[in-house]
Structure formats: structure tokens, C-alpha cells
file start31.tsv (TSV, C-alpha atoms)
chain	number	residue	atom	x	y	z
A	1	ASN	CA	-40.02	-36.71	-8.69
A	2	HIS	CA	-41.11	-33.64	-10.61
A	3	SER	CA	-39.36	-31.42	-8.06
A	4	SER	CA	-36.17	-33.49	-8.36
A	5	SER	CA	-36.27	-33.21	-12.12
A	6	LEU	CA	-36.81	-29.46	-11.84
A	7	LEU	CA	-33.83	-29.06	-9.50
A	8	PHE	CA	-31.69	-31.15	-11.83
A	9	LEU	CA	-32.70	-28.92	-14.75
A	10	LEU	CA	-32.02	-25.75	-12.75
A	11	SER	CA	-28.56	-27.00	-11.88
A	12	PHE	CA	-27.67	-26.78	-15.56
A	13	LEU	CA	-29.52	-23.53	-16.16
A	14	PHE	CA	-27.99	-21.82	-13.09
A	15	PRO	CA	-24.65	-23.49	-12.34
A	16	VAL	CA	-22.19	-22.50	-9.67
A	17	GLU	CA	-20.83	-19.00	-10.21
A	18	ILE	CA	-17.31	-18.18	-9.03
A	19	TYR	CA	-16.08	-14.71	-8.16
A	20	SER	CA	-12.38	-14.27	-7.51
A	21	LEU	CA	-11.82	-11.06	-5.59
A	22	THR	CA	-14.12	-8.53	-7.22
A	23	GLN	CA	-13.65	-9.71	-10.80
A	24	ARG	CA	-13.86	-12.97	-12.65
A	25	ASP	CA	-10.27	-12.67	-13.84
A	26	CYS	CA	-7.93	-10.46	-11.87
A	27	GLU	CA	-4.28	-9.85	-11.07
A	28	VAL	CA	-2.85	-9.71	-7.58
A	29	VAL	CA	0.54	-8.08	-6.96
A	30	ALA	CA	2.18	-9.20	-3.71
A	31	VAL	CA	5.60	-8.66	-2.15
A	32	ASN	CA	8.02	-11.55	-1.81
A	33	GLY	CA	7.86	-13.10	1.68
A	34	THR	CA	4.34	-11.85	2.50
A	35	ASN	CA	1.18	-13.89	3.05
A	36	PRO	CA	-1.46	-12.87	0.48
A	37	ARG	CA	-5.07	-13.97	0.76
A	38	LEU	CA	-6.49	-15.30	-2.50
A	39	LYS	CA	-10.19	-14.58	-2.31
A	40	CYS	CA	-12.76	-16.80	-4.00
A	41	THR	CA	-16.50	-16.38	-3.44
A	42	PHE	CA	-19.28	-18.29	-5.14
A	43	SER	CA	-23.04	-18.56	-5.53
A	44	SER	CA	-25.19	-21.59	-6.29
A	45	SER	CA	-28.76	-22.24	-7.33
A	46	SER	CA	-28.87	-25.21	-4.95
A	47	PRO	CA	-28.57	-25.22	-1.14
A	48	ILE	CA	-25.10	-25.93	0.15
A	49	SER	CA	-24.53	-29.67	0.01
A	50	PRO	CA	-22.45	-31.72	2.47
A	51	LEU	CA	-20.62	-32.92	-0.64
A	52	LEU	CA	-19.60	-29.43	-1.72
A	53	SER	CA	-15.98	-29.42	-2.83
A	54	VAL	CA	-13.41	-26.71	-3.49
A	55	THR	CA	-10.32	-27.24	-5.62
A	56	TRP	CA	-7.47	-24.77	-5.96
A	57	ASN	CA	-4.91	-25.43	-8.70
A	58	PHE	CA	-1.78	-23.58	-9.81
A	59	GLN	CA	-0.35	-23.10	-13.29
A	60	PRO	CA	3.20	-21.68	-13.20
A	61	GLU	CA	4.12	-18.71	-15.35
A	62	ASP	CA	6.29	-21.11	-17.28
A	63	LEU	CA	3.57	-22.93	-19.22
A	64	SER	CA	5.93	-25.81	-19.96
A	65	ARG	CA	5.54	-26.90	-16.34
A	66	SER	CA	2.49	-28.92	-15.33
A	67	THR	CA	-0.42	-27.74	-13.20
A	68	SER	CA	-0.25	-28.64	-9.51
A	69	THR	CA	-2.92	-28.96	-6.82
A	70	VAL	CA	-2.72	-26.24	-4.19
A	71	PHE	CA	-5.64	-27.06	-1.91
A	72	TYR	CA	-8.72	-29.26	-1.67
A	73	TYR	CA	-11.83	-29.01	0.51
A	74	LEU	CA	-14.49	-31.67	1.06
A	75	LYS	CA	-16.26	-31.46	4.42
A	76	GLU	CA	-12.88	-30.34	5.79
A	77	PRO	CA	-9.74	-28.73	4.35
A	78	TYR	CA	-6.97	-30.89	2.91
A	79	THR	CA	-3.58	-29.26	2.47
A	80	PRO	CA	-1.02	-30.69	0.04
A	81	SER	CA	1.32	-33.31	1.51
A	82	ALA	CA	3.98	-32.71	-1.12
A	83	GLY	CA	5.03	-30.18	-3.73
A	84	ARG	CA	5.88	-26.48	-3.65
A	85	PHE	CA	2.88	-25.54	-1.48
A	86	LYS	CA	3.41	-28.14	1.23
A	87	GLY	CA	2.95	-26.41	4.61
A	88	ARG	CA	2.35	-23.04	2.91
A	89	VAL	CA	-1.42	-23.04	2.35
A	90	THR	CA	-4.20	-22.60	4.90
A	91	TRP	CA	-7.96	-22.46	4.56
A	92	ASP	CA	-9.42	-19.01	5.16
A	93	GLY	CA	-12.91	-19.51	3.79
A	94	ASN	CA	-16.39	-20.06	5.18
A	95	ILE	CA	-18.67	-22.29	3.14
A	96	GLU	CA	-21.79	-21.03	4.91
A	97	ARG	CA	-20.89	-17.55	3.71
A	98	TYR	CA	-20.05	-18.81	0.22
A	99	ASP	CA	-16.38	-18.04	0.72
A	100	ALA	CA	-13.65	-20.44	-0.48
A	101	SER	CA	-10.58	-18.27	0.07
A	102	ILE	CA	-7.10	-19.47	1.00
A	103	ILE	CA	-3.86	-17.91	2.27
A	104	ILE	CA	-0.47	-18.51	0.69
A	105	TRP	CA	2.31	-18.19	3.26
A	106	ASN	CA	5.86	-16.98	2.67
A	107	LEU	CA	5.36	-15.99	-0.94
A	108	GLN	CA	8.24	-16.87	-3.30
A	109	PRO	CA	9.22	-15.64	-6.77
A	110	THR	CA	8.45	-19.12	-8.14
A	111	ASP	CA	4.80	-18.57	-7.14
A	112	ASN	CA	4.28	-16.35	-10.18
A	113	GLY	CA	1.43	-17.81	-12.19
A	114	THR	CA	-2.31	-18.43	-12.31
A	115	PHE	CA	-4.35	-19.84	-9.43
A	116	THR	CA	-7.77	-21.33	-10.22
A	117	CYS	CA	-10.67	-21.86	-7.83
A	118	GLN	CA	-13.37	-24.38	-8.70
A	119	VAL	CA	-16.42	-25.06	-6.53
A	120	LYS	CA	-18.76	-28.00	-7.07
A	121	ASN	CA	-22.00	-28.10	-5.11
A	122	PRO	CA	-24.13	-31.11	-6.12
A	123	ARG	CA	-26.40	-30.86	-7.94
A	124	ASP	CA	-24.48	-27.83	-9.28
A	125	ILE	CA	-21.32	-29.40	-10.63
A	126	ASP	CA	-20.78	-27.35	-13.74
A	127	GLY	CA	-19.86	-23.69	-13.53
A	128	THR	CA	-17.23	-21.09	-14.09
A	129	ILE	CA	-13.72	-21.36	-12.71
A	130	GLY	CA	-12.30	-18.30	-11.01
A	131	GLU	CA	-8.78	-17.24	-11.92
A	132	VAL	CA	-6.28	-15.15	-9.99
A	133	ARG	CA	-3.05	-14.17	-11.72
A	134	LEU	CA	-0.42	-13.70	-9.02
A	135	ARG	CA	2.64	-11.51	-9.64
A	136	VAL	CA	5.38	-11.58	-7.02
A	137	VAL	CA	7.58	-8.49	-6.68
A	138	GLN	CA	10.66	-7.81	-4.56
A	139	LYS	CA	9.34	-4.53	-3.23
A	140	VAL	CA	6.24	-2.37	-3.47
A	141	ASN	CA	6.01	-0.39	-6.69
A	142	PHE	CA	4.72	3.11	-6.04
A	143	SER	CA	2.16	4.41	-8.47
A	144	GLU	CA	2.47	7.71	-10.29
A	145	ILE	CA	0.16	9.29	-7.72
A	146	HIS	CA	2.54	8.28	-4.93
A	147	PHE	CA	5.49	9.70	-6.83
A	148	LEU	CA	3.56	12.92	-7.49
A	149	ALA	CA	2.61	13.21	-3.80
A	150	ILE	CA	6.23	12.68	-2.76
A	151	ALA	CA	7.44	15.27	-5.31
A	152	ILE	CA	4.89	17.85	-4.14
A	153	GLY	CA	5.71	17.18	-0.50
A	154	ALA	CA	9.44	17.51	-1.17
A	155	ALA	CA	8.91	20.78	-3.09
A	156	CYS	CA	6.77	22.20	-0.29
A	157	GLY	CA	9.34	21.17	2.30
A	158	LEU	CA	12.14	22.78	0.25
A	159	MET	CA	10.16	26.00	-0.09
A	160	ILE	CA	9.57	26.13	3.67
A	161	ILE	CA	13.28	25.62	4.31
A	162	VAL	CA	14.25	28.36	1.81
A	163	VAL	CA	11.73	30.85	3.25
A	164	THR	CA	12.90	30.06	6.79
A	165	VAL	CA	16.55	30.58	5.82
A	166	VAL	CA	15.74	33.90	4.11
A	167	ILE	CA	13.78	35.17	7.13
A	168	VAL	CA	16.56	34.14	9.54
A	169	CYS	CA	19.24	35.78	7.37
A	170	ARG	CA	17.27	39.03	7.12
A	171	HIS	CA	16.64	39.01	10.85
A	172	ARG	CA	20.33	38.49	11.58
A	173	ARG	CA	21.31	41.19	9.08
A	174	LYS	CA	18.95	43.72	10.64
A	175	LYS	CA	20.15	42.75	14.11
A	176	LYS	CA	23.76	43.15	12.99
A	177	GLN	CA	23.05	46.56	11.41
A	178	ALA	CA	21.26	47.74	14.54
A	179	LYS	CA	24.19	46.61	16.66
A	180	THR	CA	26.66	48.38	14.35
A	181	ILE	CA	24.67	51.61	14.57
A	182	GLU	CA	24.45	51.26	18.33
A	183	VAL	CA	28.23	50.74	18.61
A	184	ALA	CA	28.88	53.72	16.33
A	185	ASP	CA	26.59	55.93	18.41
A	186	THR	CA	28.32	54.79	21.60
A	187	GLU	CA	31.79	55.52	20.20
A	188	LEU	CA	30.66	58.94	18.95
A	189	SER	CA	29.19	59.73	22.33
A	190	HIS	CA	32.45	58.78	24.05
A	191	LYS	CA	34.48	60.93	21.68
A	192	TYR	CA	32.14	63.86	22.26
A	193	GLU	CA	32.48	63.46	26.01
A	194	GLN	CA	36.27	63.43	25.70
A	195	LEU	CA	36.32	66.51	23.49
A	196	GLY	CA	33.55	68.28	25.37
A	197	PRO	CA	35.64	70.76	27.53
A	198	GLN	CA	37.99	71.70	24.68
A	199	THR	CA	35.03	72.30	22.43
A	200	ASP	CA	33.45	74.61	25.02
A	201	VAL	CA	36.69	76.64	25.34
A	202	ALA	CA	36.98	76.88	21.57
A	203	LEU	CA	33.46	78.16	21.40
A	204	GLU	CA	33.95	80.77	24.18
A	205	GLU	CA	37.17	82.39	22.80
A	206	PRO	CA	35.56	84.10	19.83
A	207	SER	CA	32.95	85.62	22.07
A	208	LYS	CA	35.61	87.15	24.36
A	209	LYS	CA	37.40	88.75	21.41
A	210	ASP	CA	34.19	90.41	20.41

call {"tool": "encode", "arguments": {"input": "start31.tsv", "output": "C-alpha cells"}}
result
Amino acid sequence: NHSSSLLFLLSFLFPVEIYSLTQRDCEVVAVNGTNPRLKCTFSSSSPISPLLSVTWNFQPEDLSRSTSTVFYYLKEPYTPSAGRFKGRVTWDGNIERYDASIIIWNLQPTDNGTFTCQVKNPRDIDGTIGEVRLRVVQKVNFSEIHFLAIAIGAACGLMIIVVTVVIVCRHRRKKKQAKTIEVADTELSHKYEQLGPQTDVALEEPSKKD
């Protein structure tokens, strides 16, 4: 009896602790149409009970709308039979590993809001409730680092193209100049060959007069 009383006291001193993702309160950004995994891990001062239960609820971004049940686990998973998440939620946790995660399928813009994960493990029935704020976007938003990397890559690529063009142009210019000089030398050589005999006669006449 003393041990039972001690366990009952410890259940209030060390209740169930919930950890959503890596933080108690966090924001998840997911692309419309994808299947994000909402992670919820927990710890308990008591051994895992067969009566352990997991409850996932959803509060829409529009606070005027009521909270709806997303998922429930008690010995086995129970998916909602009606509502916005009907047929769109599956269990992806492992109680023995203190994991109570779920997967939301075919994410929609109306899924913007706050998801809560509550675990009750008798005798631990009072503890924190993990929260995941989900933000649905149409496409992936690149961070400033991504933009900077793209800008640097584009600049480097442009520089390579410019340097390549300059080298090719210089090479073609030199090749063209060399060809021009070669053609000029060939023409001069032909002219010299044609004028060769007359030039020899012109050079010999002055010597005869002497």
C-alpha cells in the first residue's frame, strides 16, 4: 500500500512530459499536397500502461471555428470517421519507444492551424500538451542562404562564360591574323616569282654599261 501511495504521489510530481519535434512549441512549414509527419514523443514516470491513450486535436487558424479531433489511440489507433481528417490520418508512432507521431496525408490549405498531442499514461494523467503550429504553403520558400548560393553560382557561371568567350575571340583573332599574314606572304612570293627574270635583267644592265 505504501508503494502504491508513493507511485500515486510521483505521478503528480513527475507527470507525463510531451515533446513535439525537438521543441515544446514549434512551427512546421509544409507544401500543399505533401504528407508531413507530426512528431510527438513523451516520457513518463510510470511504466507504460495498457490504458495509455493518445489524443490529437486540431484548432484551425480561424479561432472562431471549433476544435476537432484528429486522432485517438487506446490499445490500437482510431482514425476519425467523419470531419476534415477522415481518411487522411495514419498512426506512425511506437508506444514502446515513447513515440506518438502521426502522418497527415494530402495536406490542404485549410489545414493551417495548431495540432495538439496529449498522452495519458495511468497513473500519469496530468502533464504538458505538445503543440505543433502547421503552416501550409503553395511552394517551398527558399531561404536567404539559398538565394545567396544561387546568386553566387550564377555569377561564377557568367564569369566562366565571359572568360571562355574572350579566349575564343582572341584565339580566332590571332588565327585570322596569322592566316592574313600567310596569304600576304604567299601573294608577295608569287609576285616576286613573276617579276623575277625582269628584275634580274634590270639588275644586269647597269653592270654592262660600266

call {"tool": "closest_residue", "arguments": {"input": "start31.tsv", "among": "A:Asn112, A:Thr164, A:Ser53, A:Thr34", "to": "A:Tyr98", "atoms": "all atoms listed in the file"}}
result
A:Ser53

call {"tool": "closest_residue", "arguments": {"input": "start31.tsv", "among": "A:Lys179, A:Arg88, A:Arg133, A:Lys120", "to": "A:Leu38", "atoms": "only C-alpha atoms"}}
result
A:Arg133

call {"tool": "closest_residue", "arguments": {"input": "start31.tsv", "among": "A:Thr79, A:Thr41, A:Thr69, A:Asn57", "to": "A:Ile95", "atoms": "only C-alpha atoms"}}
result
A:Thr41

call {"tool": "closest_residue", "arguments": {"input": "start31.tsv", "among": "A:Glu27, A:Glu131, A:Asp124, A:Asp185", "to": "A:Ser49", "atoms": "only C-alpha atoms"}}
result
A:Asp124

call {"tool": "closest_residue", "arguments": {"input": "start31.tsv", "among": "A:Val70, A:Ile129, A:Val137, A:Ile102", "to": "A:Gly33", "atoms": "only C-alpha atoms"}}
result
A:Val137

call {"tool": "closest_residue", "arguments": {"input": "start31.tsv", "among": "A:Gly130, A:Gly87, A:Gly93, A:Pro60", "to": "A:Gly113", "atoms": "only C-alpha atoms"}}
result
A:Pro60

call {"tool": "residues_around", "arguments": {"input": "start31.tsv", "residues": "stretch 134-136 of chain A", "least_positions_apart": "5", "cutoff": "9 Å", "atoms": "all atoms listed in the file", "output": "mmCIF file with C-alpha atoms, in the coordinates of the input"}}
result
data_model
loop_
_atom_site.group_PDB
_atom_site.id
_atom_site.type_symbol
_atom_site.label_atom_id
_atom_site.label_comp_id
_atom_site.auth_asym_id
_atom_site.auth_seq_id
_atom_site.Cartn_x
_atom_site.Cartn_y
_atom_site.Cartn_z
ATOM 1 C CA CYS A 26 -7.930 -10.460 -11.870
ATOM 2 C CA GLU A 27 -4.280 -9.850 -11.070
ATOM 3 C CA VAL A 28 -2.850 -9.710 -7.580
ATOM 4 C CA VAL A 29 0.540 -8.080 -6.960
ATOM 5 C CA ALA A 30 2.180 -9.200 -3.710
ATOM 6 C CA VAL A 31 5.600 -8.660 -2.150
ATOM 7 C CA ASN A 32 8.020 -11.550 -1.810
ATOM 8 C CA LEU A 107 5.360 -15.990 -0.940
ATOM 9 C CA GLN A 108 8.240 -16.870 -3.300
ATOM 10 C CA PRO A 109 9.220 -15.640 -6.770
ATOM 11 C CA THR A 110 8.450 -19.120 -8.140
ATOM 12 C CA ASP A 111 4.800 -18.570 -7.140
ATOM 13 C CA ASN A 112 4.280 -16.350 -10.180
ATOM 14 C CA GLY A 113 1.430 -17.810 -12.190
ATOM 15 C CA THR A 114 -2.310 -18.430 -12.310
ATOM 16 C CA PHE A 115 -4.350 -19.840 -9.430
#

call {"tool": "atom_distance", "arguments": {"input": "start31.tsv", "atom1": "atom CA of A:Cys117", "atom2": "atom CA of A:Thr55"}}
result
5.8 Å

call {"tool": "atom_distance", "arguments": {"input": "start31.tsv", "atom1": "atom CA of A:Ile103", "atom2": "atom CA of A:Arg37"}}
result
4.4 Å

call {"tool": "build_atoms", "arguments": {"input": "start31.tsv", "residues": "stretch 33-58 of chain A", "atoms": "N, CA, C and O atoms", "output": "short mmCIF file (atom, residue, chain, number, x, y, z; two decimals), in the frame of the given file"}}
result
data_model
loop_
_atom_site.label_atom_id
_atom_site.label_comp_id
_atom_site.auth_asym_id
_atom_site.auth_seq_id
_atom_site.Cartn_x
_atom_site.Cartn_y
_atom_site.Cartn_z
N GLY A 33 7.77 -12.86 0.24
CA GLY A 33 7.86 -13.10 1.68
C GLY A 33 6.60 -12.80 2.46
O GLY A 33 6.52 -13.10 3.65
N THR A 34 5.59 -12.18 1.81
CA THR A 34 4.34 -11.85 2.50
C THR A 34 3.37 -13.02 2.41
O THR A 34 3.66 -14.05 1.80
N ASN A 35 2.18 -12.82 3.00
CA ASN A 35 1.18 -13.89 3.05
C ASN A 35 -0.14 -13.40 2.43
O ASN A 35 -1.06 -13.00 3.16
N PRO A 36 -0.25 -13.39 1.12
CA PRO A 36 -1.46 -12.87 0.48
C PRO A 36 -2.66 -13.81 0.65
O PRO A 36 -2.51 -15.03 0.72
N ARG A 37 -3.82 -13.21 0.70
CA ARG A 37 -5.07 -13.97 0.76
C ARG A 37 -5.69 -13.98 -0.63
O ARG A 37 -5.97 -12.93 -1.20
N LEU A 38 -5.87 -15.16 -1.19
CA LEU A 38 -6.49 -15.30 -2.50
C LEU A 38 -7.98 -15.54 -2.28
O LEU A 38 -8.39 -16.60 -1.81
N LYS A 39 -8.77 -14.53 -2.62
CA LYS A 39 -10.19 -14.58 -2.31
C LYS A 39 -10.98 -15.25 -3.44
O LYS A 39 -10.77 -14.97 -4.61
N CYS A 40 -11.88 -16.13 -3.04
CA CYS A 40 -12.76 -16.80 -4.00
C CYS A 40 -14.14 -16.93 -3.36
O CYS A 40 -14.30 -17.60 -2.33
N THR A 41 -15.12 -16.26 -3.93
CA THR A 41 -16.50 -16.38 -3.44
C THR A 41 -17.36 -16.98 -4.54
O THR A 41 -17.02 -16.88 -5.72
N PHE A 42 -18.46 -17.59 -4.16
CA PHE A 42 -19.28 -18.29 -5.14
C PHE A 42 -20.75 -18.15 -4.79
O PHE A 42 -21.12 -17.75 -3.68
N SER A 43 -21.59 -18.49 -5.75
CA SER A 43 -23.04 -18.56 -5.53
C SER A 43 -23.55 -19.81 -6.22
O SER A 43 -22.93 -20.28 -7.19
N SER A 44 -24.65 -20.34 -5.74
CA SER A 44 -25.19 -21.59 -6.29
C SER A 44 -26.70 -21.55 -6.26
O SER A 44 -27.30 -20.98 -5.35
N SER A 45 -27.29 -22.18 -7.27
CA SER A 45 -28.76 -22.24 -7.33
C SER A 45 -29.31 -23.28 -6.36
O SER A 45 -30.49 -23.28 -6.04
N SER A 46 -28.45 -24.17 -5.89
CA SER A 46 -28.87 -25.21 -4.95
C SER A 46 -28.38 -24.89 -3.54
O SER A 46 -27.38 -24.17 -3.37
N PRO A 47 -29.06 -25.40 -2.53
CA PRO A 47 -28.57 -25.22 -1.14
C PRO A 47 -27.20 -25.86 -1.00
O PRO A 47 -26.85 -26.78 -1.75
N ILE A 48 -26.44 -25.39 -0.06
CA ILE A 48 -25.10 -25.93 0.15
C ILE A 48 -25.19 -27.40 0.55
O ILE A 48 -25.87 -27.76 1.50
N SER A 49 -24.50 -28.23 -0.21
CA SER A 49 -24.53 -29.67 0.01
C SER A 49 -23.37 -30.11 0.90
O SER A 49 -22.30 -29.50 0.87
N PRO A 50 -23.57 -31.17 1.68
CA PRO A 50 -22.45 -31.72 2.47
C PRO A 50 -21.31 -32.21 1.58
O PRO A 50 -20.18 -32.39 2.05
N LEU A 51 -21.62 -32.43 0.30
CA LEU A 51 -20.62 -32.92 -0.64
C LEU A 51 -19.98 -31.80 -1.44
O LEU A 51 -19.27 -32.06 -2.41
N LEU A 52 -20.22 -30.57 -1.02
CA LEU A 52 -19.60 -29.43 -1.72
C LEU A 52 -18.08 -29.56 -1.65
O LEU A 52 -17.51 -29.88 -0.61
N SER A 53 -17.44 -29.31 -2.78
CA SER A 53 -15.98 -29.42 -2.83
C SER A 53 -15.37 -28.16 -3.43
O SER A 53 -15.98 -27.48 -4.25
N VAL A 54 -14.16 -27.86 -2.98
CA VAL A 54 -13.41 -26.71 -3.49
C VAL A 54 -12.03 -27.20 -3.92
O VAL A 54 -11.36 -27.90 -3.15
N THR A 55 -11.64 -26.83 -5.12
CA THR A 55 -10.32 -27.24 -5.62
C THR A 55 -9.55 -26.01 -6.09
O THR A 55 -10.04 -25.26 -6.94
N TRP A 56 -8.38 -25.83 -5.52
CA TRP A 56 -7.47 -24.77 -5.96
C TRP A 56 -6.31 -25.42 -6.70
O TRP A 56 -5.65 -26.33 -6.17
N ASN A 57 -6.04 -24.95 -7.91
CA ASN A 57 -4.91 -25.43 -8.70
C ASN A 57 -3.99 -24.26 -9.05
O ASN A 57 -4.39 -23.09 -8.97
N PHE A 58 -2.78 -24.61 -9.46
CA PHE A 58 -1.78 -23.58 -9.81
C PHE A 58 -1.10 -23.94 -11.12
O PHE A 58 -0.61 -25.05 -11.28
#
